[in-house]
>>> print(open('my_file-v1.cif').read())   # mmCIF, C-alpha atoms and all ligand atoms
data_upload
#
loop_
_atom_site.label_atom_id
_atom_site.label_comp_id
_atom_site.auth_asym_id
_atom_site.auth_seq_id
_atom_site.Cartn_x
_atom_site.Cartn_y
_atom_site.Cartn_z
CA MET A 1 0.00 0.00 0.00
CA LEU A 2 1.20 3.49 -0.83
CA GLN A 3 2.13 5.74 2.04
CA TYR A 4 0.41 9.07 2.47
CA GLN A 5 2.08 11.87 0.61
CA ALA A 6 0.61 15.34 0.06
CA LEU A 7 0.22 15.98 -3.65
CA ASN A 8 1.33 18.96 -5.68
CA GLU A 9 0.22 19.54 -9.27
CA TYR A 10 3.02 17.43 -10.73
CA ARG A 11 2.41 14.51 -8.36
CA ALA A 12 -1.34 14.76 -8.85
CA MET A 13 -0.85 14.42 -12.62
CA ASN A 14 1.31 11.33 -12.16
CA TYR A 15 -1.21 9.88 -9.74
CA ALA A 16 -4.03 10.45 -12.23
CA ARG A 17 -2.03 8.86 -15.05
CA LYS A 18 -1.84 5.60 -13.08
CA LEU A 19 -5.58 5.42 -12.39
CA ARG A 20 -7.26 2.58 -14.23
CA ASN A 21 -9.81 3.40 -16.94
CA MET A 22 -9.27 7.14 -16.73
CA PHE A 23 -6.72 8.28 -19.30
CA MET A 24 -4.74 6.68 -22.16
CA SER A 25 -1.19 5.88 -21.04
CA ASN A 26 0.29 8.39 -23.51
CA ALA A 27 -2.30 11.14 -22.78
CA GLN A 28 -1.03 14.70 -22.47
CA LEU A 29 -2.34 15.82 -19.13
CA ASP A 30 -2.69 19.20 -17.55
CA CYS A 31 -3.21 19.86 -13.85
CA SER A 32 -4.19 22.83 -11.71
CA GLU A 33 -5.00 23.16 -8.03
CA ILE A 34 -8.39 24.84 -7.81
CA GLY A 35 -9.28 24.45 -4.12
CA ASP A 36 -10.74 27.54 -2.51
CA GLY A 37 -11.87 25.85 0.69
CA ASN A 38 -10.37 26.04 4.14
CA LEU A 39 -9.13 22.52 4.57
CA ASN A 40 -8.19 20.46 1.52
CA LEU A 41 -6.41 20.27 -1.81
CA VAL A 42 -8.51 20.03 -4.98
CA PHE A 43 -6.79 19.24 -8.31
CA ARG A 44 -8.34 19.34 -11.76
CA ILE A 45 -6.67 17.01 -14.28
CA THR A 46 -7.48 17.44 -17.96
CA ASP A 47 -6.54 15.38 -20.99
CA LYS A 48 -5.45 18.06 -23.46
CA SER A 49 -6.50 16.17 -26.56
CA SER A 50 -9.83 14.61 -25.55
CA GLY A 51 -10.83 17.31 -23.04
CA LYS A 52 -11.77 14.61 -20.51
CA SER A 53 -11.25 15.79 -16.96
CA ILE A 54 -11.48 14.57 -13.36
CA ILE A 55 -11.10 16.01 -9.87
CA LEU A 56 -8.77 14.72 -7.14
CA LYS A 57 -9.61 15.94 -3.65
CA GLN A 58 -7.00 15.21 -1.01
CA ALA A 59 -7.16 15.85 2.72
CA LEU A 60 -4.06 17.38 4.34
CA PRO A 61 -3.04 16.28 7.84
CA TYR A 62 -3.68 19.86 8.98
CA ALA A 63 -6.17 22.66 8.26
CA ARG A 64 -5.10 24.44 5.09
CA VAL A 65 -6.21 27.91 6.28
CA VAL A 66 -4.17 27.79 9.46
CA GLY A 67 -1.24 25.51 8.53
CA GLU A 68 0.59 22.67 10.25
CA SER A 69 -0.03 24.16 13.70
CA TRP A 70 -3.66 22.96 13.41
CA PRO A 71 -3.41 19.18 12.86
CA LEU A 72 -6.53 17.55 11.50
CA THR A 73 -7.51 13.93 10.99
CA LEU A 74 -7.23 12.32 7.55
CA GLU A 75 -10.28 10.26 8.60
CA ARG A 76 -12.38 13.04 7.14
CA ALA A 77 -11.52 11.80 3.64
CA ARG A 78 -13.03 8.40 4.48
CA ILE A 79 -16.12 10.04 5.98
CA GLU A 80 -16.45 12.19 2.86
CA SER A 81 -16.15 9.33 0.38
CA GLN A 82 -18.56 7.11 2.34
CA ALA A 83 -21.10 9.90 2.76
CA TYR A 84 -20.84 10.62 -0.99
CA ILE A 85 -21.53 6.97 -1.78
CA ILE A 86 -24.64 6.91 0.42
CA GLN A 87 -25.88 10.23 -0.99
CA GLN A 88 -25.21 8.97 -4.52
CA SER A 89 -27.38 5.90 -3.92
CA ILE A 90 -30.20 7.94 -2.37
CA CYS A 91 -30.01 11.01 -4.61
CA PRO A 92 -28.38 10.07 -7.92
CA GLY A 93 -27.48 13.15 -9.94
CA LEU A 94 -27.42 15.51 -6.96
CA VAL A 95 -23.81 14.77 -5.96
CA PRO A 96 -20.70 14.29 -8.15
CA ILE A 97 -20.00 10.74 -9.33
CA ILE A 98 -17.28 9.12 -7.20
CA TYR A 99 -14.81 7.10 -9.27
CA HIS A 100 -12.31 6.00 -6.66
CA TYR A 101 -11.27 6.41 -3.01
CA ASP A 102 -7.70 5.85 -1.82
CA SER A 103 -7.60 5.55 1.95
CA ALA A 104 -3.78 5.66 2.29
CA MET A 105 -3.65 8.89 0.31
CA ALA A 106 -6.85 10.31 1.92
CA LEU A 107 -7.96 11.06 -1.61
CA THR A 108 -11.18 10.90 -3.60
CA VAL A 109 -11.36 10.86 -7.40
CA MET A 110 -14.60 12.33 -8.71
CA GLU A 111 -16.55 13.87 -11.52
CA ASP A 112 -15.37 17.30 -12.64
CA LEU A 113 -18.05 19.94 -12.09
CA SER A 114 -16.09 22.81 -13.57
CA ASN A 115 -19.03 23.76 -15.78
CA HIS A 116 -20.90 24.51 -12.55
CA LEU A 117 -20.40 27.58 -10.38
CA ASN A 118 -20.02 27.60 -6.63
CA MET A 119 -23.47 28.89 -5.64
CA ARG A 120 -22.14 31.49 -3.22
CA LYS A 121 -20.35 33.13 -6.14
CA GLY A 122 -23.53 33.15 -8.23
CA LEU A 123 -25.67 34.78 -5.56
CA VAL A 124 -23.44 37.89 -5.37
CA PRO A 125 -24.21 39.00 -8.98
CA ARG A 126 -27.90 38.12 -8.37
CA GLU A 127 -28.03 34.98 -10.49
CA ARG A 128 -31.27 33.01 -10.44
CA TYR A 129 -31.51 29.22 -10.27
CA PRO A 130 -35.01 28.14 -11.26
CA HIS A 131 -34.62 24.47 -10.27
CA PHE A 132 -32.56 24.92 -7.14
CA ALA A 133 -35.41 24.87 -4.59
CA CYS A 134 -36.76 21.62 -6.00
CA HIS A 135 -33.31 20.01 -6.20
CA ILE A 136 -32.16 20.93 -2.71
CA GLY A 137 -35.58 20.23 -1.17
CA THR A 138 -35.36 16.74 -2.68
CA PHE A 139 -31.76 16.26 -1.57
CA LEU A 140 -32.64 17.25 2.00
CA ALA A 141 -35.77 15.13 2.24
CA ARG A 142 -34.23 12.02 0.72
CA THR A 143 -30.83 12.08 2.42
CA LEU A 144 -32.33 12.94 5.81
CA TYR A 145 -35.37 10.67 5.76
CA LEU A 146 -33.69 7.68 4.16
CA THR A 147 -30.84 7.61 6.69
CA SER A 148 -33.10 8.03 9.74
CA ASP A 149 -34.55 5.46 12.13
CA PHE A 150 -37.69 5.43 10.02
CA ALA A 151 -35.96 3.97 6.98
CA TRP A 152 -33.06 1.87 8.30
CA PRO A 153 -33.59 -0.89 10.83
CA SER A 154 -32.48 0.56 14.14
CA GLN A 155 -29.53 -1.87 14.49
CA VAL A 156 -28.19 -0.85 11.06
CA LYS A 157 -28.69 2.80 11.90
CA LYS A 158 -26.75 2.44 15.17
CA GLU A 159 -23.83 0.89 13.29
CA LYS A 160 -23.88 3.84 10.90
CA VAL A 161 -23.80 6.25 13.82
CA VAL A 162 -20.48 4.66 14.84
CA GLN A 163 -19.16 4.58 11.27
CA PHE A 164 -19.83 8.32 10.98
CA SER A 165 -18.93 9.41 14.50
CA ASN A 166 -16.47 11.99 13.03
CA PRO A 167 -15.39 13.40 16.42
CA GLU A 168 -12.66 15.79 15.28
CA MET A 169 -14.75 17.45 12.61
CA CYS A 170 -17.75 17.67 14.94
CA LYS A 171 -15.57 19.35 17.54
CA ILE A 172 -14.62 22.05 15.03
CA SER A 173 -18.29 22.76 14.29
CA GLU A 174 -19.24 22.69 17.97
CA ASN A 175 -16.61 25.30 18.81
CA LEU A 176 -16.89 27.51 15.76
CA ILE A 177 -20.68 27.54 15.43
CA PHE A 178 -21.98 27.31 18.97
CA THR A 179 -19.27 28.37 21.44
CA ASP A 180 -16.56 30.73 20.25
CA PRO A 181 -18.80 33.46 18.76
CA TYR A 182 -20.51 33.92 22.16
CA PHE A 183 -17.32 34.68 24.08
CA ASN A 184 -14.33 36.91 23.48
CA SER A 185 -12.48 33.97 21.87
CA GLU A 186 -9.15 34.05 20.05
CA THR A 187 -10.64 32.43 16.97
CA ASN A 188 -13.18 35.23 16.42
CA GLN A 189 -12.64 37.71 13.63
CA PHE A 190 -15.17 40.44 12.97
CA ASN A 191 -15.49 43.83 11.37
CA PRO A 192 -14.37 46.35 14.06
CA LEU A 193 -17.39 48.48 13.15
CA LEU A 194 -19.56 45.75 14.71
CA ALA A 195 -17.83 45.83 18.11
CA ASP A 196 -20.87 47.23 19.98
CA LYS A 197 -23.23 44.66 18.47
CA VAL A 198 -20.85 41.82 19.23
CA VAL A 199 -20.47 42.88 22.87
CA GLU A 200 -24.30 43.00 23.12
CA ILE A 201 -24.38 39.38 21.94
CA TRP A 202 -21.70 38.34 24.44
CA GLU A 203 -23.84 39.91 27.20
CA ASN A 204 -27.16 38.47 26.00
CA ASN A 205 -27.73 35.54 28.36
CA GLN A 206 -31.13 34.73 26.93
CA LEU A 207 -29.62 34.31 23.46
CA LYS A 208 -26.68 32.29 24.79
CA LEU A 209 -29.01 29.97 26.68
CA GLU A 210 -30.92 29.22 23.48
CA VAL A 211 -27.65 28.64 21.59
CA ALA A 212 -26.53 26.27 24.36
CA LYS A 213 -29.74 24.25 23.86
CA LEU A 214 -29.17 24.12 20.11
CA LYS A 215 -25.58 23.03 20.70
CA GLU A 216 -26.85 20.21 22.91
CA GLY A 217 -29.15 19.12 20.09
CA SER A 218 -26.21 18.92 17.70
CA LEU A 219 -24.22 16.90 20.27
CA THR A 220 -26.94 14.40 21.13
CA HIS A 221 -29.77 14.29 18.60
CA ALA A 222 -28.60 11.59 16.17
CA GLN A 223 -31.62 11.76 13.87
CA ALA A 224 -30.09 11.17 10.46
CA LEU A 225 -26.83 11.17 8.51
CA ILE A 226 -26.51 14.89 7.92
CA HIS A 227 -24.13 16.59 5.49
CA GLY A 228 -22.86 18.76 8.34
CA ASP A 229 -21.53 21.70 6.26
CA LEU A 230 -24.34 22.44 3.82
CA HIS A 231 -23.69 26.11 3.14
CA THR A 232 -24.01 27.66 -0.32
CA GLY A 233 -20.24 27.18 -0.81
CA SER A 234 -20.86 23.41 -0.68
CA ILE A 235 -23.30 23.61 -3.60
CA MET A 236 -22.31 23.78 -7.28
CA VAL A 237 -24.96 25.03 -9.69
CA THR A 238 -25.90 25.78 -13.26
CA LYS A 239 -29.28 27.13 -14.32
CA GLU A 240 -30.36 23.53 -14.86
CA ASP A 241 -28.42 21.48 -12.36
CA THR A 242 -27.47 21.28 -8.67
CA LYS A 243 -24.70 19.21 -7.08
CA VAL A 244 -23.91 19.05 -3.38
CA ILE A 245 -20.20 18.65 -2.55
CA ASP A 246 -17.86 18.48 0.47
CA PRO A 247 -19.56 16.15 3.01
CA GLU A 248 -16.43 15.74 5.19
CA PHE A 249 -18.35 16.99 8.27
CA ALA A 250 -21.04 14.29 7.89
CA PHE A 251 -22.28 12.72 11.12
CA TYR A 252 -25.50 11.58 12.75
CA GLY A 253 -27.08 14.80 13.92
CA PRO A 254 -30.30 16.81 13.93
CA ILE A 255 -32.07 17.11 10.59
CA GLY A 256 -32.67 20.83 11.13
CA PHE A 257 -28.89 21.41 11.14
CA ASP A 258 -28.69 20.82 7.35
CA ILE A 259 -31.92 22.59 6.42
CA GLY A 260 -30.92 25.48 8.68
CA ALA A 261 -27.52 25.67 6.95
CA VAL A 262 -29.16 26.13 3.55
CA ILE A 263 -31.69 28.70 4.79
CA GLY A 264 -29.19 30.57 6.98
CA ASN A 265 -26.77 30.90 4.07
CA LEU A 266 -29.47 32.15 1.71
CA LEU A 267 -30.33 34.72 4.38
CA LEU A 268 -26.66 35.73 4.56
CA SER A 269 -26.91 36.38 0.83
CA PHE A 270 -30.15 38.31 1.44
CA ALA A 271 -28.39 40.56 3.95
CA SER A 272 -25.29 40.93 1.76
CA HIS A 273 -27.29 42.71 -0.95
CA GLU A 274 -27.54 45.71 1.40
CA GLY A 275 -23.91 46.10 0.33
CA HIS A 276 -23.88 44.62 -3.18
CA THR A 277 -27.00 46.13 -4.69
CA PRO A 278 -27.29 49.89 -4.21
CA ASP A 279 -30.30 50.23 -6.54
CA SER A 280 -33.18 49.79 -4.10
CA GLN A 281 -35.63 48.39 -6.65
CA GLU A 282 -33.11 45.81 -7.84
CA ARG A 283 -32.23 44.92 -4.25
CA ILE A 284 -35.85 44.53 -3.14
CA GLU A 285 -36.60 42.28 -6.13
CA TYR A 286 -33.63 40.00 -5.55
CA GLN A 287 -34.18 39.80 -1.81
CA ALA A 288 -37.83 38.91 -2.47
CA TYR A 289 -36.61 36.25 -4.89
CA LEU A 290 -34.39 34.74 -2.18
CA LEU A 291 -37.24 34.65 0.33
CA THR A 292 -39.51 32.95 -2.20
CA MET A 293 -36.72 30.43 -2.83
CA ILE A 294 -36.53 29.70 0.90
CA GLU A 295 -40.30 29.18 1.05
CA GLN A 296 -40.15 26.83 -1.93
CA ILE A 297 -37.25 24.82 -0.44
CA TRP A 298 -39.22 24.09 2.72
CA THR A 299 -42.37 23.32 0.71
CA TYR A 300 -40.56 20.84 -1.57
CA PHE A 301 -38.75 19.37 1.42
CA GLU A 302 -41.92 18.89 3.45
CA LYS A 303 -43.89 17.35 0.59
CA GLU A 304 -41.15 14.84 -0.21
CA PHE A 305 -40.54 14.08 3.46
CA ARG A 306 -44.24 13.38 4.06
CA ASP A 307 -44.37 11.17 0.95
CA LEU A 308 -41.37 9.16 2.14
CA TRP A 309 -42.84 8.88 5.62
CA GLU A 310 -46.04 7.49 4.17
CA LYS A 311 -44.49 5.12 1.63
CA GLU A 312 -41.09 4.09 2.97
CA SER A 313 -41.42 3.92 6.73
CA LYS A 314 -40.17 0.74 8.42
CA GLU A 315 -41.22 2.09 11.84
CA ARG A 316 -44.60 0.83 12.94
CA MET A 317 -45.28 3.89 15.12
CA ALA A 318 -45.05 6.12 12.04
CA VAL A 319 -48.72 5.56 11.22
CA ILE A 320 -49.92 7.07 14.50
CA PRO A 321 -52.03 10.12 13.69
CA GLY A 322 -50.24 13.38 14.43
CA TYR A 323 -46.75 11.82 14.65
CA VAL A 324 -45.41 13.16 11.35
CA ASP A 325 -46.81 16.63 12.11
CA HIS A 326 -45.15 16.61 15.52
CA TYR A 327 -41.84 15.42 14.01
CA LEU A 328 -41.89 18.10 11.32
CA LEU A 329 -42.73 20.85 13.80
CA GLN A 330 -39.78 19.97 16.05
CA MET A 331 -37.55 19.82 13.01
CA PHE A 332 -38.84 23.19 11.85
CA GLU A 333 -38.01 24.85 15.17
CA ASP A 334 -34.52 23.33 14.95
CA THR A 335 -34.21 24.59 11.37
CA ALA A 336 -34.93 28.17 12.44
CA GLY A 337 -32.51 27.91 15.37
CA TYR A 338 -29.64 26.40 13.40
CA ALA A 339 -30.16 28.87 10.55
CA GLY A 340 -29.76 31.68 13.09
CA CYS A 341 -26.63 30.15 14.64
CA LYS A 342 -25.04 29.70 11.24
CA MET A 343 -25.66 33.33 10.34
CA ILE A 344 -24.18 34.66 13.58
CA ARG A 345 -21.03 32.50 13.41
CA ARG A 346 -20.20 33.71 9.87
CA ILE A 347 -20.22 37.33 11.08
CA ILE A 348 -18.43 36.99 14.42
CA GLY A 349 -16.44 33.76 14.30
CA LEU A 350 -13.68 32.14 12.27
CA SER A 351 -14.22 31.61 8.54
CA HIS A 352 -16.34 34.25 6.89
CA VAL A 353 -18.37 34.05 3.69
CA TRP A 354 -17.68 35.50 0.25
CA ASP A 355 -21.16 37.08 0.26
CA MET A 356 -19.94 39.52 2.93
CA GLU A 357 -16.17 39.53 2.33
CA SER A 358 -16.67 40.73 -1.24
CA ILE A 359 -18.24 44.00 0.01
CA SER A 360 -15.07 46.11 0.03
CA ASP A 361 -16.34 49.21 1.86
CA PRO A 362 -16.18 48.30 5.60
CA SER A 363 -19.11 50.54 6.57
CA LEU A 364 -21.33 49.15 3.84
CA ARG A 365 -20.26 45.65 4.87
CA ALA A 366 -21.10 46.50 8.50
CA LYS A 367 -24.62 47.48 7.42
CA ALA A 368 -25.14 44.09 5.75
CA GLU A 369 -23.49 42.23 8.65
CA LYS A 370 -25.71 44.00 11.23
CA LEU A 371 -28.78 42.92 9.31
CA ALA A 372 -27.48 39.32 9.29
CA LEU A 373 -26.88 39.47 13.05
CA SER A 374 -30.40 40.81 13.68
CA ILE A 375 -32.02 38.11 11.56
CA GLY A 376 -29.86 35.41 13.12
CA GLN A 377 -30.72 36.44 16.68
CA LYS A 378 -34.43 36.62 15.91
CA LEU A 379 -34.41 33.11 14.43
CA VAL A 380 -32.66 31.68 17.49
CA LEU A 381 -34.86 33.48 20.02
CA GLU A 382 -38.21 33.05 18.29
CA ARG A 383 -37.82 29.54 16.92
CA ARG A 384 -40.59 28.19 19.14
CA GLN A 385 -43.02 30.77 17.73
CA VAL A 386 -42.45 29.84 14.08
CA HIS A 387 -44.68 27.06 12.80
CA ARG A 388 -44.57 27.41 9.05
CA ILE A 389 -42.03 28.76 6.61
CA ASN A 390 -43.90 32.04 6.09
CA ASP A 391 -43.43 32.75 9.82
CA ILE A 392 -39.68 32.90 9.09
CA THR A 393 -39.81 34.88 5.86
CA SER A 394 -42.32 37.39 7.26
CA ARG A 395 -40.00 38.04 10.22
CA VAL A 396 -37.12 38.67 7.81
CA ARG A 397 -39.28 41.08 5.81
CA GLN A 398 -40.15 42.98 9.01
CA ILE A 399 -36.50 43.42 10.03
CA ALA A 400 -35.14 44.34 6.59
P1 LIG B 1 -12.89 22.03 1.13
O1 LIG B 1 -13.27 20.84 1.95
O2 LIG B 1 -11.45 22.35 1.23
O3 LIG B 1 -13.80 23.20 1.39
P2 LIG B 1 -14.41 21.53 -1.32
O4 LIG B 1 -14.83 20.11 -1.55
O5 LIG B 1 -15.46 22.46 -0.82
O6 LIG B 1 -13.11 21.56 -0.39
O7 LIG B 1 -13.82 22.08 -2.67
C1 LIG B 1 -13.21 23.37 -2.71
C2 LIG B 1 -13.51 23.99 -4.06
O8 LIG B 1 -12.98 23.15 -5.09
C3 LIG B 1 -15.00 24.11 -4.37
O9 LIG B 1 -15.54 25.32 -3.91
C4 LIG B 1 -15.02 24.06 -5.87
O10 LIG B 1 -14.72 25.33 -6.42
C5 LIG B 1 -13.87 23.11 -6.19
N1 LIG B 1 -14.38 21.74 -6.35
C6 LIG B 1 -14.54 20.79 -5.40
N2 LIG B 1 -15.04 19.66 -5.92
C7 LIG B 1 -15.20 19.88 -7.24
C8 LIG B 1 -15.65 19.09 -8.34
N3 LIG B 1 -16.06 17.83 -8.18
N4 LIG B 1 -15.65 19.66 -9.57
C9 LIG B 1 -15.25 20.94 -9.74
N5 LIG B 1 -14.80 21.73 -8.75
C10 LIG B 1 -14.77 21.22 -7.51
MG MG B 2 -15.78 23.36 1.01
MG MG B 3 -30.59 25.12 -10.99
MG MG B 4 -14.81 20.97 3.37
#
>>> encode(input="my_file-v1.cif", output="structure tokens")
Amino acid sequence: MLQYQALNEYRAMNYARKLRNMFMSNAQLDCSEIGDGNLNLVFRITDKSSGKSIILKQALPYARVVGESWPLTLERARIESQAYIIQQSICPGLVPIIYHYDSAMALTVMEDLSNHLNMRKGLVPRERYPHFACHIGTFLARTLYLTSDFAWPSQVKKEKVVQFSNPEMCKISENLIFTDPYFNSETNQFNPLLADKVVEIWENNQLKLEVAKLKEGSLTHAQALIHGDLHTGSIMVTKEDTKVIDPEFAFYGPIGFDIGAVIGNLLLSFASHEGHTPDSQERIEYQAYLLTMIEQIWTYFEKEFRDLWEKESKERMAVIPGYVDHYLLQMFEDTAGYAGCKMIRRIIGLSHVWDMESISDPSLRAKAEKLALSIGQKLVLERRQVHRINDITSRVRQIA
């Protein structure tokens, strides 16, 4: 077995050349490192004559953004490849095709999605994605329902919980999403113009108590195999197509964590247009478009989830009247809470989002960031009062 070795472009090309059934032995290959994430290397290898291309994603034994001083498990590459394989079987077409996984090299070989755009980048210039709500609603319902206790025998599900325990990656999320932003932590990084707002959050015990409860849910509520990092930077889109990438944070957690990630990140985009779109008519129209998209995502999700519950459930108790409604309501409250947490951490904590970072004027950025903080806090604090998706979008409309 090969020993682990971090690749560079030259080594990645040689590695690709040796893969079976990929390229002709005399192919003229080209390679570039295209990763823009925080943690890993991503290489694109192209055959210059046929145009055929593949992606190699390799985990480094440390976090790329910080360097070797922050060691990180290579196990995440196994988690990622196994999560991809499950998602592929449940949601074919909504994740890249996985060709090969090399455990010694912590490396996955997959379909090249270079004709897609990272969704976060598309939302800044106000692109519209007419099929996105349907695609992501389907992805969420199918991956979350079909990995839950309702669809897998409980013994199988418990084995999967162990297989995906992912403790190091979970610890990162626990700290960066739920803990560090609520204290004066070293990892925090925020726009100095927000200092007053941030101190208010640090002193808001009611808010922190609610965040502590949500954190406990993420620690203990092993409902389904969640993606664990489902922000708009983990979604590649065209006008026609949607692919979810980067499931290295996958673990058994609360369903609302993934749905909340999608909604919270669309609301970060919503807030960012305070900075990106000075024309008020244009801004209002695009923000309204994003809120409609959020409403459609939940609607598609709920319809598909209810269908699966009715048709696929292996759990005898599932037929009890009122059970599915109860389950969905709990999940909806979680969704609102996790959406709020994810918004707040991207403004105060480590690792910001392009939506905000691409607003160059700090005072304009502060305006957008303050709106994101207000929405985020409201979602956390009022999550028990929201019962349907319009209760969320109407609150956002009131604040904005
Ligand atoms: P990280 O875990 O480091 O965040 P990602 O899996 O999110 O890595 O990939 C980082 C970037 O690499 C993505 O934003 C995207 O631009 C590019 N990328 C990743 N996978 C693919 C793919 N299959 N096809 C094309 N580009 C990809
Ligand atoms: Mg990523
Ligand atoms: Mg689309
Ligand atoms: Mg990642």
>>> closest_residue(input="my_file-v1.cif", among="A:Ile399, A:Ala271, A:Ala106, A:Leu308", to="Arg283 (chain A)", atoms="only C-alpha atoms")
A:Ala271
>>> residues_near_ligand(input="my_file-v1.cif", ligand="ligand MG 4 (chain B)", cutoff="8 Å", atoms="all atoms listed in the file", output="count of residues only")
10
>>> residues_around(input="my_file-v1.cif", residues="Lys311 (chain A)", least_positions_apart="4", cutoff="12 Å", atoms="all atoms listed in the file", output="list in words")
Tyr145, Leu146, Phe150, Ala151, Glu304, Phe305, Arg306, Asp307, Glu315, Ala318 and Val319 of chain A
>>> closest_residue(input="my_file-v1.cif", among="A:Pro92, A:Gly67, A:Gly337, A:Gly51", to="Val380 (chain A)", atoms="all atoms listed in the file")
A:Gly337
>>> closest_residue(input="my_file-v1.cif", among="A:Val211, A:Cys134, A:Ala368, A:Val161", to="Ser272 (chain A)", atoms="all atoms listed in the file")
A:Ala368
>>> residues_near_ligand(input="my_file-v1.cif", ligand="ligand LIG 1 (chain B)", cutoff="6 Å", atoms="only C-alpha atoms and all ligand atoms", output="MDAnalysis selection string")
chainID A and resid 34:40 42 55 96 110:114 118 233:234 245:246
>>> residues_near_point(input="my_file-v1.cif", point="(-41.1, 0.5, 13.3)", cutoff="12 Å", atoms="only C-alpha atoms", output="PyMOL selection string")
chain A and resi 148-155+309+312-320
>>> write_last_selection(input="my_file-v1.cif", atoms="C-alpha atoms", output="CSV table (one decimal), keeping the file's coordinate frame")
chain,number,residue,atom,x,y,z
A,148,SER,CA,-33.1,8.0,9.7
A,149,ASP,CA,-34.6,5.5,12.1
A,150,PHE,CA,-37.7,5.4,10.0
A,151,ALA,CA,-36.0,4.0,7.0
A,152,TRP,CA,-33.1,1.9,8.3
A,153,PRO,CA,-33.6,-0.9,10.8
A,154,SER,CA,-32.5,0.6,14.1
A,155,GLN,CA,-29.5,-1.9,14.5
A,309,TRP,CA,-42.8,8.9,5.6
A,312,GLU,CA,-41.1,4.1,3.0
A,313,SER,CA,-41.4,3.9,6.7
A,314,LYS,CA,-40.2,0.7,8.4
A,315,GLU,CA,-41.2,2.1,11.8
A,316,ARG,CA,-44.6,0.8,12.9
A,317,MET,CA,-45.3,3.9,15.1
A,318,ALA,CA,-45.0,6.1,12.0
A,319,VAL,CA,-48.7,5.6,11.2
A,320,ILE,CA,-49.9,7.1,14.5
>>> closest_residue(input="my_file-v1.cif", among="A:Tyr252, A:Phe183, A:Trp202, A:Phe190", to="Ala83 (chain A)", atoms="all atoms listed in the file")
A:Tyr252
>>> atom_distance(input="my_file-v1.cif", atom1="CA of Asp47 (chain A)", atom2="CA of Arg20 (chain A)")
14.5 Å
>>> decode(input="my_file-v1.cif", residues="region 172-216 of chain A", atoms="C-alpha atoms", output="PDB file, in the first residue's frame")
ATOM      1  CA  ILE A 172     -14.623  22.050  15.027  1.00  0.00           C
ATOM      2  CA  SER A 173     -18.289  22.758  14.288  1.00  0.00           C
ATOM      3  CA  GLU A 174     -19.236  22.687  17.967  1.00  0.00           C
ATOM      4  CA  ASN A 175     -16.612  25.302  18.807  1.00  0.00           C
ATOM      5  CA  LEU A 176     -16.886  27.514  15.756  1.00  0.00           C
ATOM      6  CA  ILE A 177     -20.679  27.537  15.431  1.00  0.00           C
ATOM      7  CA  PHE A 178     -21.976  27.312  18.974  1.00  0.00           C
ATOM      8  CA  THR A 179     -19.273  28.365  21.439  1.00  0.00           C
ATOM      9  CA  ASP A 180     -16.558  30.730  20.253  1.00  0.00           C
ATOM     10  CA  PRO A 181     -18.796  33.461  18.759  1.00  0.00           C
ATOM     11  CA  TYR A 182     -20.515  33.916  22.163  1.00  0.00           C
ATOM     12  CA  PHE A 183     -17.323  34.683  24.075  1.00  0.00           C
ATOM     13  CA  ASN A 184     -14.330  36.908  23.482  1.00  0.00           C
ATOM     14  CA  SER A 185     -12.482  33.968  21.868  1.00  0.00           C
ATOM     15  CA  GLU A 186      -9.152  34.051  20.053  1.00  0.00           C
ATOM     16  CA  THR A 187     -10.644  32.433  16.965  1.00  0.00           C
ATOM     17  CA  ASN A 188     -13.177  35.234  16.420  1.00  0.00           C
ATOM     18  CA  GLN A 189     -12.639  37.714  13.631  1.00  0.00           C
ATOM     19  CA  PHE A 190     -15.174  40.435  12.968  1.00  0.00           C
ATOM     20  CA  ASN A 191     -15.492  43.826  11.367  1.00  0.00           C
ATOM     21  CA  PRO A 192     -14.373  46.349  14.061  1.00  0.00           C
ATOM     22  CA  LEU A 193     -17.394  48.484  13.155  1.00  0.00           C
ATOM     23  CA  LEU A 194     -19.558  45.747  14.705  1.00  0.00           C
ATOM     24  CA  ALA A 195     -17.832  45.829  18.106  1.00  0.00           C
ATOM     25  CA  ASP A 196     -20.869  47.227  19.977  1.00  0.00           C
ATOM     26  CA  LYS A 197     -23.231  44.658  18.465  1.00  0.00           C
ATOM     27  CA  VAL A 198     -20.853  41.820  19.228  1.00  0.00           C
ATOM     28  CA  VAL A 199     -20.473  42.879  22.870  1.00  0.00           C
ATOM     29  CA  GLU A 200     -24.296  42.997  23.115  1.00  0.00           C
ATOM     30  CA  ILE A 201     -24.376  39.385  21.939  1.00  0.00           C
ATOM     31  CA  TRP A 202     -21.698  38.342  24.441  1.00  0.00           C
ATOM     32  CA  GLU A 203     -23.837  39.911  27.196  1.00  0.00           C
ATOM     33  CA  ASN A 204     -27.156  38.470  26.000  1.00  0.00           C
ATOM     34  CA  ASN A 205     -27.726  35.539  28.356  1.00  0.00           C
ATOM     35  CA  GLN A 206     -31.130  34.733  26.934  1.00  0.00           C
ATOM     36  CA  LEU A 207     -29.616  34.313  23.456  1.00  0.00           C
ATOM     37  CA  LYS A 208     -26.676  32.294  24.789  1.00  0.00           C
ATOM     38  CA  LEU A 209     -29.014  29.971  26.682  1.00  0.00           C
ATOM     39  CA  GLU A 210     -30.917  29.224  23.478  1.00  0.00           C
ATOM     40  CA  VAL A 211     -27.647  28.644  21.587  1.00  0.00           C
ATOM     41  CA  ALA A 212     -26.528  26.265  24.360  1.00  0.00           C
ATOM     42  CA  LYS A 213     -29.738  24.253  23.860  1.00  0.00           C
ATOM     43  CA  LEU A 214     -29.167  24.123  20.106  1.00  0.00           C
ATOM     44  CA  LYS A 215     -25.580  23.025  20.696  1.00  0.00           C
ATOM     45  CA  GLU A 216     -26.846  20.210  22.905  1.00  0.00           C
TER      46      GLU A 216
END
